[in-house]
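**Q** To be precise about what I am sending: the file is called coords13.pdb and holds PDB, C-alpha atoms.
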ATOM      1  CA  MET A   1       0.000   0.000   0.000  1.00  0.00           C
ATOM      2  CA  LYS A   2       1.483   3.290  -1.087  1.00  0.00           C
ATOM      3  CA  PRO A   3      -0.011   6.385   0.598  1.00  0.00           C
ATOM      4  CA  VAL A   4      -0.975   9.471  -1.388  1.00  0.00           C
ATOM      5  CA  ILE A   5       0.556  12.612   0.086  1.00  0.00           C
ATOM      6  CA  ILE A   6      -1.320  15.932  -0.051  1.00  0.00           C
ATOM      7  CA  ARG A   7       0.118  19.198   1.285  1.00  0.00           C
ATOM      8  CA  THR A   8      -2.431  21.800   2.375  1.00  0.00           C
ATOM      9  CA  LEU A   9      -2.503  24.902   4.545  1.00  0.00           C
ATOM     10  CA  GLY A  10      -3.502  23.914   8.071  1.00  0.00           C
ATOM     11  CA  VAL A  11      -4.436  25.646  11.302  1.00  0.00           C
ATOM     12  CA  TYR A  12      -2.809  29.062  11.835  1.00  0.00           C
ATOM     13  CA  GLY A  13      -1.264  28.970   8.364  1.00  0.00           C
ATOM     14  CA  MET A  14       0.979  26.013   9.145  1.00  0.00           C
ATOM     15  CA  ASP A  15       1.506  23.303   6.558  1.00  0.00           C
ATOM     16  CA  CYS A  16      -0.650  20.236   6.994  1.00  0.00           C
ATOM     17  CA  LEU A  17       0.549  17.062   5.323  1.00  0.00           C
ATOM     18  CA  LEU A  18      -2.171  14.469   4.649  1.00  0.00           C
ATOM     19  CA  PHE A  19      -1.334  10.851   3.911  1.00  0.00           C
ATOM     20  CA  LEU A  20      -4.282   9.063   2.294  1.00  0.00           C
ATOM     21  CA  PHE A  21      -4.198   5.287   2.193  1.00  0.00           C
ATOM     22  CA  ARG A  22      -6.638   2.512   1.479  1.00  0.00           C
ATOM     23  CA  HIS A  23      -7.485  -0.302   3.874  1.00  0.00           C
ATOM     24  CA  GLY A  24      -5.575  -3.573   3.688  1.00  0.00           C
ATOM     25  CA  GLU A  25      -6.782  -6.540   1.675  1.00  0.00           C
ATOM     26  CA  THR A  26      -9.940  -8.486   2.521  1.00  0.00           C
ATOM     27  CA  ASP A  27     -11.111 -11.837   1.184  1.00  0.00           C
ATOM     28  CA  TRP A  28     -13.686  -9.932  -0.884  1.00  0.00           C
ATOM     29  CA  ASN A  29     -10.905  -7.796  -2.424  1.00  0.00           C
ATOM     30  CA  ARG A  30      -9.024 -10.960  -3.323  1.00  0.00           C
ATOM     31  CA  ALA A  31     -12.167 -12.491  -4.861  1.00  0.00           C
ATOM     32  CA  GLY A  32     -13.032  -9.307  -6.777  1.00  0.00           C
ATOM     33  CA  ARG A  33     -16.307  -8.694  -4.949  1.00  0.00           C
ATOM     34  CA  LEU A  34     -17.689  -5.176  -4.458  1.00  0.00           C
ATOM     35  CA  GLN A  35     -17.766  -4.291  -0.760  1.00  0.00           C
ATOM     36  CA  GLY A  36     -19.421  -0.910  -0.326  1.00  0.00           C
ATOM     37  CA  HIS A  37     -20.854  -0.788   3.198  1.00  0.00           C
ATOM     38  CA  THR A  38     -20.571  -4.542   3.773  1.00  0.00           C
ATOM     39  CA  ASP A  39     -18.308  -4.802   6.810  1.00  0.00           C
ATOM     40  CA  THR A  40     -15.633  -7.273   5.703  1.00  0.00           C
ATOM     41  CA  PRO A  41     -12.553  -7.851   7.889  1.00  0.00           C
ATOM     42  CA  LEU A  42      -8.934  -7.779   6.796  1.00  0.00           C
ATOM     43  CA  ASN A  43      -7.391 -11.107   5.843  1.00  0.00           C
ATOM     44  CA  ALA A  44      -3.824 -12.151   6.768  1.00  0.00           C
ATOM     45  CA  THR A  45      -2.404 -10.262   3.782  1.00  0.00           C
ATOM     46  CA  GLY A  46      -4.330  -7.139   4.783  1.00  0.00           C
ATOM     47  CA  LEU A  47      -3.029  -7.317   8.348  1.00  0.00           C
ATOM     48  CA  ALA A  48       0.549  -7.628   7.054  1.00  0.00           C
ATOM     49  CA  GLN A  49      -0.043  -4.706   4.657  1.00  0.00           C
ATOM     50  CA  ALA A  50      -1.198  -2.527   7.558  1.00  0.00           C
ATOM     51  CA  GLN A  51       1.908  -3.428   9.584  1.00  0.00           C
ATOM     52  CA  ALA A  52       4.134  -2.601   6.604  1.00  0.00           C
ATOM     53  CA  LEU A  53       2.312   0.699   6.119  1.00  0.00           C
ATOM     54  CA  ALA A  54       2.947   1.666   9.753  1.00  0.00           C
ATOM     55  CA  GLU A  55       6.657   1.095   9.196  1.00  0.00           C
ATOM     56  CA  ARG A  56       6.606   3.073   5.951  1.00  0.00           C
ATOM     57  CA  LEU A  57       4.913   6.019   7.682  1.00  0.00           C
ATOM     58  CA  ARG A  58       7.124   5.992  10.790  1.00  0.00           C
ATOM     59  CA  PRO A  59       9.646   8.588   9.485  1.00  0.00           C
ATOM     60  CA  HIS A  60       6.832  11.109   8.855  1.00  0.00           C
ATOM     61  CA  ARG A  61       5.823  11.567  12.524  1.00  0.00           C
ATOM     62  CA  LEU A  62       2.057  11.653  12.048  1.00  0.00           C
ATOM     63  CA  ASP A  63      -0.117  13.449  14.597  1.00  0.00           C
ATOM     64  CA  ALA A  64      -3.177  11.200  14.200  1.00  0.00           C
ATOM     65  CA  VAL A  65      -4.869   8.616  11.989  1.00  0.00           C
ATOM     66  CA  MET A  66      -8.462   9.087  10.797  1.00  0.00           C
ATOM     67  CA  SER A  67     -10.549   6.152   9.580  1.00  0.00           C
ATOM     68  CA  SER A  68     -14.056   5.162   8.608  1.00  0.00           C
ATOM     69  CA  ASP A  69     -15.887   2.953  11.084  1.00  0.00           C
ATOM     70  CA  LEU A  70     -15.934  -0.100   8.793  1.00  0.00           C
ATOM     71  CA  ALA A  71     -13.849  -2.956  10.201  1.00  0.00           C
ATOM     72  CA  ARG A  72     -11.413  -3.203   7.269  1.00  0.00           C
ATOM     73  CA  ALA A  73     -10.551   0.505   7.459  1.00  0.00           C
ATOM     74  CA  TRP A  74     -10.690   0.738  11.261  1.00  0.00           C
ATOM     75  CA  THR A  75      -8.366  -2.262  11.718  1.00  0.00           C
ATOM     76  CA  THR A  76      -5.909  -0.825   9.182  1.00  0.00           C
ATOM     77  CA  GLY A  77      -6.028   2.533  10.981  1.00  0.00           C
ATOM     78  CA  GLN A  78      -5.695   0.899  14.387  1.00  0.00           C
ATOM     79  CA  ILE A  79      -2.570  -1.024  13.379  1.00  0.00           C
ATOM     80  CA  VAL A  80      -1.004   2.116  11.906  1.00  0.00           C
ATOM     81  CA  ALA A  81      -2.003   4.343  14.857  1.00  0.00           C
ATOM     82  CA  GLU A  82      -0.763   1.854  17.462  1.00  0.00           C
ATOM     83  CA  GLY A  83       2.472   1.338  15.536  1.00  0.00           C
ATOM     84  CA  LEU A  84       3.079   5.096  15.493  1.00  0.00           C
ATOM     85  CA  CYS A  85       1.695   5.778  19.000  1.00  0.00           C
ATOM     86  CA  VAL A  86      -0.835   8.332  17.734  1.00  0.00           C
ATOM     87  CA  PRO A  87      -4.601   8.632  18.277  1.00  0.00           C
ATOM     88  CA  LEU A  88      -7.107   6.962  15.936  1.00  0.00           C
ATOM     89  CA  ILE A  89     -10.136   9.104  15.081  1.00  0.00           C
ATOM     90  CA  SER A  90     -13.401   7.648  13.755  1.00  0.00           C
ATOM     91  CA  GLU A  91     -14.999   9.505  10.828  1.00  0.00           C
ATOM     92  CA  PRO A  92     -18.018   7.656   9.360  1.00  0.00           C
ATOM     93  CA  GLY A  93     -18.008  10.124   6.443  1.00  0.00           C
ATOM     94  CA  LEU A  94     -14.965   8.281   5.098  1.00  0.00           C
ATOM     95  CA  ARG A  95     -17.028   5.154   4.378  1.00  0.00           C
ATOM     96  CA  GLU A  96     -17.080   3.711   0.896  1.00  0.00           C
ATOM     97  CA  ALA A  97     -20.153   4.265  -1.259  1.00  0.00           C
ATOM     98  CA  ASN A  98     -23.387   2.502  -0.354  1.00  0.00           C
ATOM     99  CA  ILE A  99     -23.874   0.434  -3.505  1.00  0.00           C
ATOM    100  CA  GLY A 100     -26.978  -1.422  -2.305  1.00  0.00           C
ATOM    101  CA  GLU A 101     -27.778  -4.693  -4.072  1.00  0.00           C
ATOM    102  CA  ALA A 102     -24.478  -4.591  -5.963  1.00  0.00           C
ATOM    103  CA  GLU A 103     -22.555  -5.304  -2.750  1.00  0.00           C
ATOM    104  CA  GLY A 104     -21.019  -8.764  -2.710  1.00  0.00           C
ATOM    105  CA  LEU A 105     -21.213  -9.194  -6.482  1.00  0.00           C
ATOM    106  CA  HIS A 106     -18.438  -9.341  -9.076  1.00  0.00           C
ATOM    107  CA  TRP A 107     -18.482  -6.656 -11.819  1.00  0.00           C
ATOM    108  CA  PRO A 108     -19.716  -9.132 -14.505  1.00  0.00           C
ATOM    109  CA  GLU A 109     -22.611 -10.067 -12.177  1.00  0.00           C
ATOM    110  CA  VAL A 110     -23.397  -6.384 -11.616  1.00  0.00           C
ATOM    111  CA  LYS A 111     -23.500  -5.770 -15.394  1.00  0.00           C
ATOM    112  CA  SER A 112     -25.717  -8.811 -15.894  1.00  0.00           C
ATOM    113  CA  ARG A 113     -28.130  -8.011 -13.063  1.00  0.00           C
ATOM    114  CA  PHE A 114     -28.401  -4.218 -13.447  1.00  0.00           C
ATOM    115  CA  GLY A 115     -27.429  -3.707 -17.081  1.00  0.00           C
ATOM    116  CA  GLU A 116     -24.335  -2.455 -18.829  1.00  0.00           C
ATOM    117  CA  ALA A 117     -25.717   1.095 -19.100  1.00  0.00           C
ATOM    118  CA  LEU A 118     -26.295   1.585 -15.338  1.00  0.00           C
ATOM    119  CA  THR A 119     -22.984  -0.056 -14.492  1.00  0.00           C
ATOM    120  CA  GLU A 120     -21.083   2.283 -16.831  1.00  0.00           C
ATOM    121  CA  ARG A 121     -23.085   5.328 -15.674  1.00  0.00           C
ATOM    122  CA  TRP A 122     -22.217   4.557 -12.055  1.00  0.00           C
ATOM    123  CA  PHE A 123     -18.610   5.538 -12.823  1.00  0.00           C
ATOM    124  CA  THR A 124     -19.433   8.839 -14.529  1.00  0.00           C
ATOM    125  CA  ASP A 125     -22.879  10.049 -13.404  1.00  0.00           C
ATOM    126  CA  ASP A 126     -23.260  11.358  -9.846  1.00  0.00           C
ATOM    127  CA  ASP A 127     -27.011  10.638 -10.021  1.00  0.00           C
ATOM    128  CA  ALA A 128     -26.602   6.932 -10.864  1.00  0.00           C
ATOM    129  CA  ALA A 129     -27.254   4.391  -8.105  1.00  0.00           C
ATOM    130  CA  PHE A 130     -27.689   0.660  -7.908  1.00  0.00           C
ATOM    131  CA  PRO A 131     -31.005  -0.520  -6.381  1.00  0.00           C
ATOM    132  CA  GLY A 132     -30.942  -0.108  -2.617  1.00  0.00           C
ATOM    133  CA  GLY A 133     -27.853   2.114  -2.800  1.00  0.00           C
ATOM    134  CA  LEU A 134     -27.257   5.841  -2.823  1.00  0.00           C
ATOM    135  CA  ALA A 135     -26.356   8.041  -5.751  1.00  0.00           C
ATOM    136  CA  ARG A 136     -22.958   9.623  -5.305  1.00  0.00           C
ATOM    137  CA  ALA A 137     -24.466  13.122  -5.445  1.00  0.00           C
ATOM    138  CA  ALA A 138     -26.881  12.241  -2.621  1.00  0.00           C
ATOM    139  CA  SER A 139     -24.258  10.516  -0.508  1.00  0.00           C
ATOM    140  CA  ARG A 140     -21.979  13.565  -0.614  1.00  0.00           C
ATOM    141  CA  HIS A 141     -24.636  15.504   1.314  1.00  0.00           C
ATOM    142  CA  CYS A 142     -25.002  12.922   4.099  1.00  0.00           C
ATOM    143  CA  THR A 143     -23.652  13.857   7.499  1.00  0.00           C
ATOM    144  CA  GLY A 144     -23.082  12.191  10.829  1.00  0.00           C
ATOM    145  CA  SER A 145     -23.334   8.421  10.707  1.00  0.00           C
ATOM    146  CA  SER A 146     -25.067   8.409   7.332  1.00  0.00           C
ATOM    147  CA  PRO A 147     -23.191   6.782   4.464  1.00  0.00           C
ATOM    148  CA  SER A 148     -20.878   8.905   2.370  1.00  0.00           C
ATOM    149  CA  SER A 149     -19.146   8.127  -0.893  1.00  0.00           C
ATOM    150  CA  PRO A 150     -15.401   8.666  -1.270  1.00  0.00           C
ATOM    151  CA  THR A 151     -15.914   9.768  -4.862  1.00  0.00           C
ATOM    152  CA  GLY A 152     -15.724  13.426  -5.808  1.00  0.00           C
ATOM    153  CA  GLY A 153     -13.462  14.206  -2.882  1.00  0.00           C
ATOM    154  CA  SER A 154     -16.118  13.785  -0.186  1.00  0.00           C
ATOM    155  CA  ALA A 155     -13.934  11.298   1.666  1.00  0.00           C
ATOM    156  CA  CYS A 156     -11.230  13.944   1.926  1.00  0.00           C
ATOM    157  CA  ARG A 157     -13.454  16.728   3.261  1.00  0.00           C
ATOM    158  CA  PRO A 158     -13.640  15.511   6.891  1.00  0.00           C
ATOM    159  CA  THR A 159      -9.884  14.976   6.914  1.00  0.00           C
ATOM    160  CA  VAL A 160      -9.124  18.411   5.490  1.00  0.00           C
ATOM    161  CA  ARG A 161     -11.664  19.977   7.887  1.00  0.00           C
ATOM    162  CA  TRP A 162      -9.944  18.231  10.832  1.00  0.00           C
ATOM    163  CA  CYS A 163      -6.605  19.513   9.587  1.00  0.00           C
ATOM    164  CA  GLY A 164      -7.988  23.035   9.836  1.00  0.00           C
ATOM    165  CA  SER A 165      -8.428  24.120   6.223  1.00  0.00           C
TER     166      SER A 165
END
Please express what this file holds, its structure, as structure tokens.
**A**
Amino acid sequence: MKPVIIRTLGVYGMDCLLFLFRHGETDWNRAGRLQGHTDTPLNATGLAQAQALAERLRPHRLDAVMSSDLARAWTTGQIVAEGLCVPLISEPGLREANIGEAEGLHWPEVKSRFGEALTERWFTDDDAAFPGGLARAASRHCTGSSPSSPTGGSACRPTVRWCGS
């Protein structure tokens, strides 16, 4: 796992360096299944990836780790935070998109069940949603413990807000 590094202006005009990283591997990742809000745990590879990430981040002296409340992200964040001796902050707004009935399926199954057109639109149209899921445009306006999509930068907003920008 290679973190993405973003430099932004933080509290009192000081630089704020954000390291964005994805959760470690789950069995559903390995199988190619869509996860969305389904709360899948890390597998052994994912746990090792999180440990390796903590070591990779050690030289950067992080102040905190922020994570969604889903087990795969929280466990990744917990391993990194404990390895760096920094606090772990829960931010449900960092959850992956709620993709409804598409959760647990492989992309070919999604195309077969919901049609090629909807599946392709889901990547480009903020108003597209799978049955039982939320459109990305709608999920960006959710707050609190409501689901939020990481697309369109909404996953970064709570992090940047916490950083003080």
**Q** Give me the result of the PyMOL selection byres ((chain A and resi 87) around 10) on this file, residue by residue, as a list in words.
**A**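 Checked against the file, the PyMOL selection byres ((chain A and resi 87) around 10) matches Leu62, Asp63, Ala64, Val65, Met66, Gly77, Gln78, Val80, Ala81, Glu82, Leu84, Cys85, Val86, Leu88, Ile89 and Ser90 of chain A.
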**Q** Kindly resolve the PyMOL selection byres ((chain A and resi 52) around 12) on the present coordinates and return the residues as a PyMOL selection string.
**A** chain A and resi 1-3+24+45-51+53-58+76+79-80+83-84
**Q** So what does the PyMOL selection byres ((chain A and resi 71) around 10) actually pick up in this one, as a ChimeraX atom specification?
**A** /A:23,38-42,67-70,72-78
**Q** Between atom CA of Glu103 of chain A and atom CA of Asp126 of chain A, what distance in Å does the model show, to one decimal?
**A**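 Atom-to-atom, atom CA of Glu103 of chain A and atom CA of Asp126 of chain A are spaced 18.1 Å apart.
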**Q** As an exercise, work out the distance from atom CA of Arg7 of chain A to atom CA of Gly36 of chain A in Å and give it to one decimal place.
**A**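 That distance, rounded to one decimal, is 28.1 Å.
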**Q** By how many Å are atom CA of Arg30 of chain A and atom CA of Trp107 of chain A apart?
**A** 13.4 Å
**Q** I'd like to know which of A:Val4, A:Glu116, A:Thr124, A:Ala31 is closest to Leu18 of chain A, using only C-alpha atoms.
**A**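 Closest to Leu18 of chain A of all the choices is A:Val4.
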